[in-house]
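Here is the structure we will look at.
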Amino acid sequence: IHVTDEALEEQLAGLLGGGLLCLVICQLPLKGLEQEGRLCLGLTLMTVVWWAAQVAQSGYISGIYLALLCLLDVAEPAVVFSSWTGSTIWLVIGAYLISSAVQSSGLGERLSYAFILRFVRGWRSIIVSIFLLTLVLSLLIPHPWPRALLIMSVMSVVIRSASIQPNEASIIAFTVFAASVPVSLIFITGDATINPLVASYAGISVSFVQWLKLIGVPAALLSLLTLCLILLLFRPSVPVHVTLDRVRAARAELGRVSAREVRTAVWVVLTVALWVTNGLTGLDIGWVALLAAMAMSLPFAGEILRDGDWGQVPVHVMVFLTAAMAIGKVGEVTGMNAWLAGLIVPGELPESPLLLALCISLLSVVVHMFMGSVIAVMGIAIPAFLAMTQETALAPFLVSGVVYLSVAGHYLLPFH
């Protein structure tokens with residue numbers, strides 16, 4: 001009860017603090033920022049404070065933000081909800097449904113057990129296998145949360161097989177979710193919720209291969225660094241030897257490969273092939289994901305997704321994502337982004353592109369320290385940095401990528 005009271009006090013403080021901050025900003029005569037811009041800034045900061053203080057579930061807070069933008073005429077509804085006219089939101093819907101198909105069919109679990117039986121023997125191989133499984137499954141399950149939960153369920157069998165102690169078991173669980181952060185950046189479909197936003201802020205279409213070259217390479221290095229730090233800092237107190245009898249038993253419980261698994265594999269392979277070749281075909285990965293997910297429900301060729309699988313698409317995540325994307329779009333229309341760029345950016349920018357990129361990286365980490373949410377940071381920081389670098393040699397996508405990698409790399413700090 002005492003903990004609950006403290007939580008309620010924090011929620012109340014966040015609620016009042018965010019609301020008061022919004023009222024103050026809306027009344028301040030901020031030079032260079034018109035009324036719509038002040039409203040946008042006040043509502044945005046209020047929303048960020050409420051997100052950080054967990055005043056309510058993020059979806060409800062996001063819905064309040066979207067409704068107030070429309071009710072107060074900060075921007076036209078077509079601008080506020082412009083994210084729904086592009087493919088990004090629909091990619092997220094398709095990704096959740098494809099993830100549901102891979103999980104419910106048993107295909108993801110079967111592949112995971114096969115991988116464990118082939119490569120896992122001791123502590124080091126357990127940790128390495130988590131990263132490799134995350135990488136492989138990021139092509140099959142284009143969302144980090146269901147992917148991490150699937151890997152964790154497989155690792156729980158490994159933990160029981162090796163009679164791993166609670167302390168070591170917690171390290172394995174921590175590794176599953178820590179690996180999810182950098183590895184999800186390697187492929188553009190590795191995190192279908194956030195990765196496409198990076199390109200959308202830059203206003204360009206990035207192919208699967210282009211992403212792999214520009215973001216995937218540093219993300220792979222970031223993943224390798226994370227792996228090395230985990231192996232260095234988290235060592236078992238006693239030697240770990242994995243006996244695979246329980247893993248074999250768990251795989252045997254799945255039975256023979258079903259027709260549903262085969263159909264799921266065919267659709268997933270086809271979808272991944274279209275994603276990888278979208279630079280040649282010109283097919284948007286978002287619409288490909290949506291079409292593949294819908295086709296999985298058709299008779300004969302599909303019969304994978306059923307009516308109840310729509311429940312796997314979380315409405316609150318869609319509302320949250322809409323609000324996060326609206327921050328950047330409405331901020332651009334109202335002049336908030338340009339004003340923020342002038343506020344947070346140093347008076348003189350470095351002429352060297354490398355120094356400028358490092359400056360953007362440092363500022364991104366500082367903003368993330370206060371805001372916490374990756375999407376919220378990108379919604380405010382990327383548009384502001386794009387506004388400040390318009391006359392520089394940095395390409396818009398490079399600016400977006402630097403911000404994203406900096407925030408994702410920020411997750412290394414707990415390891416230090």
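For the structure tokens, the naming scheme is as follows: chains receive sequential letters (A, B, ...) according to their order of presentation, residues are indexed from 1 within each chain, and ligands are indexed from 1 in presentation order.
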
Please tabulate, as a Markdown table, the residues of range 91-133 of chain A that come within 12 Å of range 303-325 of chain A, each with its closest pair of atoms and the distance in Å to one decimal, counting only C-alpha atoms and ordering rows by chain, then residue number upward.
```
| residue | atom | partner | partner_atom | distance |
| --- | --- | --- | --- | --- |
| A:Leu91 | CA | A:Met318 | CA | 11.0 |
| A:Val92 | CA | A:Met318 | CA | 8.1 |
| A:Ile93 | CA | A:Val313 | CA | 6.2 |
| A:Gly94 | CA | A:Val313 | CA | 8.7 |
| A:Ala95 | CA | A:Val313 | CA | 9.0 |
| A:Tyr96 | CA | A:Val313 | CA | 5.8 |
| A:Leu97 | CA | A:Gln312 | CA | 6.7 |
| A:Ile98 | CA | A:Leu305 | CA | 8.6 |
| A:Ser99 | CA | A:Gln312 | CA | 8.9 |
| A:Ser100 | CA | A:Gln312 | CA | 6.7 |
| A:Ala101 | CA | A:Leu305 | CA | 6.1 |
| A:Val102 | CA | A:Ile304 | CA | 9.1 |
| A:Gln103 | CA | A:Ile304 | CA | 10.7 |
| A:Ser104 | CA | A:Ile304 | CA | 8.6 |
| A:Ser105 | CA | A:Ile304 | CA | 7.3 |
| A:Gly106 | CA | A:Ile304 | CA | 11.1 |
| A:Leu107 | CA | A:Ile304 | CA | 11.4 |
```

key: Residues within 12 Å of range 66-75 of chain A, only C-alpha atoms, excluding chain neighbours under 5 positions, as a ChimeraX atom specification   = /A:22,26,34-44,46-47,59-61,80-82,319-327,329-336

Only N, CA and C atoms, please: the residues just picked out, written as an mmCIF file, in the first residue's frame.
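Dumped everything to selection-v7.cif:
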```
data_model
loop_
_atom_site.group_PDB
_atom_site.id
_atom_site.type_symbol
_atom_site.label_atom_id
_atom_site.label_comp_id
_atom_site.auth_asym_id
_atom_site.auth_seq_id
_atom_site.Cartn_x
_atom_site.Cartn_y
_atom_site.Cartn_z
ATOM 1 N N CYS A 22 2.548 23.279 -19.445
ATOM 2 C CA CYS A 22 1.848 23.612 -20.689
ATOM 3 C C CYS A 22 1.222 25.008 -20.605
ATOM 4 N N CYS A 26 2.335 28.290 -22.915
ATOM 5 C CA CYS A 26 1.332 28.892 -23.807
ATOM 6 C C CYS A 26 1.157 30.383 -23.537
ATOM 7 N N GLU A 34 4.937 31.678 -32.906
ATOM 8 C CA GLU A 34 3.557 32.149 -32.927
ATOM 9 C C GLU A 34 2.683 31.330 -31.962
ATOM 10 N N GLN A 35 1.419 31.710 -31.856
ATOM 11 C CA GLN A 35 0.509 31.076 -30.910
ATOM 12 C C GLN A 35 0.392 29.574 -31.150
ATOM 13 N N GLU A 36 0.244 29.170 -32.437
ATOM 14 C CA GLU A 36 0.141 27.743 -32.730
ATOM 15 C C GLU A 36 1.399 27.002 -32.309
ATOM 16 N N GLY A 37 2.548 27.650 -32.509
ATOM 17 C CA GLY A 37 3.806 27.035 -32.102
ATOM 18 C C GLY A 37 3.916 26.889 -30.600
ATOM 19 N N ARG A 38 3.451 27.899 -29.857
ATOM 20 C CA ARG A 38 3.479 27.821 -28.396
ATOM 21 C C ARG A 38 2.542 26.726 -27.895
ATOM 22 N N LEU A 39 1.359 26.643 -28.500
ATOM 23 C CA LEU A 39 0.432 25.577 -28.128
ATOM 24 C C LEU A 39 1.048 24.207 -28.399
ATOM 25 N N CYS A 40 1.671 24.080 -29.562
ATOM 26 C CA CYS A 40 2.300 22.808 -29.923
ATOM 27 C C CYS A 40 3.408 22.457 -28.936
ATOM 28 N N LEU A 41 4.243 23.442 -28.600
ATOM 29 C CA LEU A 41 5.348 23.213 -27.662
ATOM 30 C C LEU A 41 4.817 22.854 -26.269
ATOM 31 N N GLY A 42 3.809 23.596 -25.804
ATOM 32 C CA GLY A 42 3.256 23.336 -24.486
ATOM 33 C C GLY A 42 2.613 21.958 -24.391
ATOM 34 N N LEU A 43 1.794 21.621 -25.378
ATOM 35 C CA LEU A 43 1.135 20.314 -25.362
ATOM 36 C C LEU A 43 2.141 19.174 -25.510
ATOM 37 N N THR A 44 3.174 19.403 -26.332
ATOM 38 C CA THR A 44 4.188 18.360 -26.539
ATOM 39 C C THR A 44 4.960 18.091 -25.252
ATOM 40 N N MET A 46 4.029 18.797 -22.201
ATOM 41 C CA MET A 46 3.106 18.209 -21.235
ATOM 42 C C MET A 46 2.973 16.704 -21.479
ATOM 43 N N THR A 47 2.838 16.329 -22.737
ATOM 44 C CA THR A 47 2.702 14.913 -23.084
ATOM 45 C C THR A 47 3.951 14.132 -22.709
ATOM 46 N N GLY A 59 -0.871 5.053 -24.333
ATOM 47 C CA GLY A 59 -1.894 5.204 -25.357
ATOM 48 C C GLY A 59 -2.937 6.239 -24.985
ATOM 49 N N TYR A 60 -3.364 6.248 -23.727
ATOM 50 C CA TYR A 60 -4.355 7.231 -23.279
ATOM 51 C C TYR A 60 -3.776 8.646 -23.327
ATOM 52 N N ILE A 61 -2.536 8.779 -22.867
ATOM 53 C CA ILE A 61 -1.894 10.104 -22.897
ATOM 54 C C ILE A 61 -1.745 10.579 -24.331
ATOM 55 N N VAL A 80 -2.298 16.213 -38.379
ATOM 56 C CA VAL A 80 -2.108 15.474 -37.131
ATOM 57 C C VAL A 80 -2.055 13.968 -37.394
ATOM 58 N N PHE A 81 -2.947 13.496 -38.278
ATOM 59 C CA PHE A 81 -3.040 12.062 -38.536
ATOM 60 C C PHE A 81 -2.443 11.685 -39.896
ATOM 61 N N SER A 82 -1.499 12.480 -40.370
ATOM 62 C CA SER A 82 -0.899 12.225 -41.679
ATOM 63 C C SER A 82 -0.135 10.903 -41.723
ATOM 64 N N VAL A 319 -1.900 4.259 -31.270
ATOM 65 C CA VAL A 319 -2.196 5.639 -30.870
ATOM 66 C C VAL A 319 -0.915 6.338 -30.426
ATOM 67 N N PHE A 320 -0.091 5.631 -29.650
ATOM 68 C CA PHE A 320 1.180 6.204 -29.206
ATOM 69 C C PHE A 320 2.067 6.549 -30.390
ATOM 70 N N LEU A 321 2.160 5.638 -31.354
ATOM 71 C CA LEU A 321 2.994 5.873 -32.530
ATOM 72 C C LEU A 321 2.470 7.052 -33.351
ATOM 73 N N THR A 322 1.148 7.153 -33.463
ATOM 74 C CA THR A 322 0.550 8.288 -34.183
ATOM 75 C C THR A 322 0.914 9.609 -33.521
ATOM 76 N N ALA A 323 0.847 9.645 -32.195
ATOM 77 C CA ALA A 323 1.187 10.871 -31.462
ATOM 78 C C ALA A 323 2.667 11.205 -31.613
ATOM 79 N N ALA A 324 3.523 10.194 -31.516
ATOM 80 C CA ALA A 324 4.956 10.439 -31.639
ATOM 81 C C ALA A 324 5.312 10.993 -33.018
ATOM 82 N N MET A 325 4.660 10.483 -34.049
ATOM 83 C CA MET A 325 4.920 10.987 -35.405
ATOM 84 C C MET A 325 4.296 12.369 -35.601
ATOM 85 N N ALA A 326 3.169 12.617 -34.918
ATOM 86 C CA ALA A 326 2.523 13.922 -35.039
ATOM 87 C C ALA A 326 3.384 15.029 -34.442
ATOM 88 N N ILE A 327 4.198 14.701 -33.424
ATOM 89 C CA ILE A 327 5.071 15.712 -32.823
ATOM 90 C C ILE A 327 5.946 16.363 -33.878
ATOM 91 N N LYS A 329 5.577 16.252 -37.266
ATOM 92 C CA LYS A 329 4.838 16.863 -38.375
ATOM 93 C C LYS A 329 4.182 18.178 -37.960
ATOM 94 N N VAL A 330 3.484 18.167 -36.828
ATOM 95 C CA VAL A 330 2.823 19.383 -36.359
ATOM 96 C C VAL A 330 3.876 20.413 -35.946
ATOM 97 N N GLY A 331 4.979 19.949 -35.356
ATOM 98 C CA GLY A 331 6.061 20.864 -34.988
ATOM 99 C C GLY A 331 6.646 21.576 -36.187
ATOM 100 N N GLU A 332 6.694 20.884 -37.314
ATOM 101 C CA GLU A 332 7.197 21.524 -38.542
ATOM 102 C C GLU A 332 6.228 22.567 -39.057
ATOM 103 N N VAL A 333 4.942 22.246 -39.059
ATOM 104 C CA VAL A 333 3.922 23.160 -39.591
ATOM 105 C C VAL A 333 3.788 24.406 -38.728
ATOM 106 N N THR A 334 3.895 24.249 -37.408
ATOM 107 C CA THR A 334 3.694 25.376 -36.497
ATOM 108 C C THR A 334 4.977 26.179 -36.233
ATOM 109 N N GLY A 335 6.108 25.711 -36.722
ATOM 110 C CA GLY A 335 7.372 26.411 -36.502
ATOM 111 C C GLY A 335 8.083 26.003 -35.223
ATOM 112 N N MET A 336 7.520 25.030 -34.487
ATOM 113 C CA MET A 336 8.140 24.613 -33.237
ATOM 114 C C MET A 336 9.513 23.989 -33.475
#
```

task = as a VMD selection string, please: all residues of range 11-103 of chain A that backbone DSSP puts in helix (DSSP H, G or I).
result = chain A and resid 11 to 27 35 to 53 58 to 71 77 to 80 82 to 85 88 to 103

Compile the contact shell of Gly86 in chain A as a compact mmCIF listing (two decimals) with N, CA, C and O atoms, in the first residue's frame: residues with an atom at most 10 Å away, counting only C-alpha atoms, same-chain residues fewer than 6 positions apart removed.
```txt
# COMPACT_ATOMS: atom_id res chain seq x y z
N SER A 200 11.28 8.15 -42.59
CA SER A 200 10.13 9.02 -42.83
C SER A 200 10.41 10.45 -42.39
O SER A 200 9.95 11.40 -43.02
N GLY A 286 6.23 -1.50 -46.31
CA GLY A 286 5.04 -1.40 -45.48
C GLY A 286 3.83 -2.03 -46.13
O GLY A 286 3.11 -2.83 -45.52
N TRP A 287 3.60 -1.70 -47.40
CA TRP A 287 2.46 -2.27 -48.11
C TRP A 287 2.67 -3.76 -48.36
O TRP A 287 1.69 -4.54 -48.36
```

request  = For Ser400 in chain A, please output as JSON, numbers by chain all residues within 9 Å (counting only C-alpha atoms; exclusion window: fewer than 2 positions along the same chain).
outcome  = {"A": [198, 199, 201, 202, 378, 381, 382, 383, 385, 386, 395, 396, 397, 398, 402, 403, 404, 405]}

remark   = From CA of Gly203 in chain A to CA of Met388 in chain A the spacing works out at 15.7 Å

Polymer residues at most 10 Å from range 228-232 of chain A, only C-alpha atoms, same-chain spacing of 2 or more positions, as a ChimeraX atom specification = /A:123-124,127-128,171-172,174-175,178-179,222-226,234-236,412,415-416

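With only C-alpha atoms as the atoms that count, the minimum distance from Val377 in chain A to the choices A:Tyr113, A:Ser83, A:Val48, A:Ala7 is reached by A:Val48.
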
query = Counting only C-alpha atoms, which of A:Leu15, A:Ala169, A:Leu340, A:Val257 gets nearest to Leu30 in chain A?
reply =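 Once distances to Leu30 in chain A are computed over only C-alpha atoms, the minimum belongs to A:Leu340.
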
key: Point-to-point distance in Å for CA of Leu291 in chain A and CA of Gly279 in chain A   = 18.0 Å

query = What is the distance, in Å and to one decimal place, between CA of Arg248 in chain A and CA of Leu149 in chain A?
reply =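 Between CA of Arg248 in chain A and CA of Leu149 in chain A the gap is 20.0 Å.
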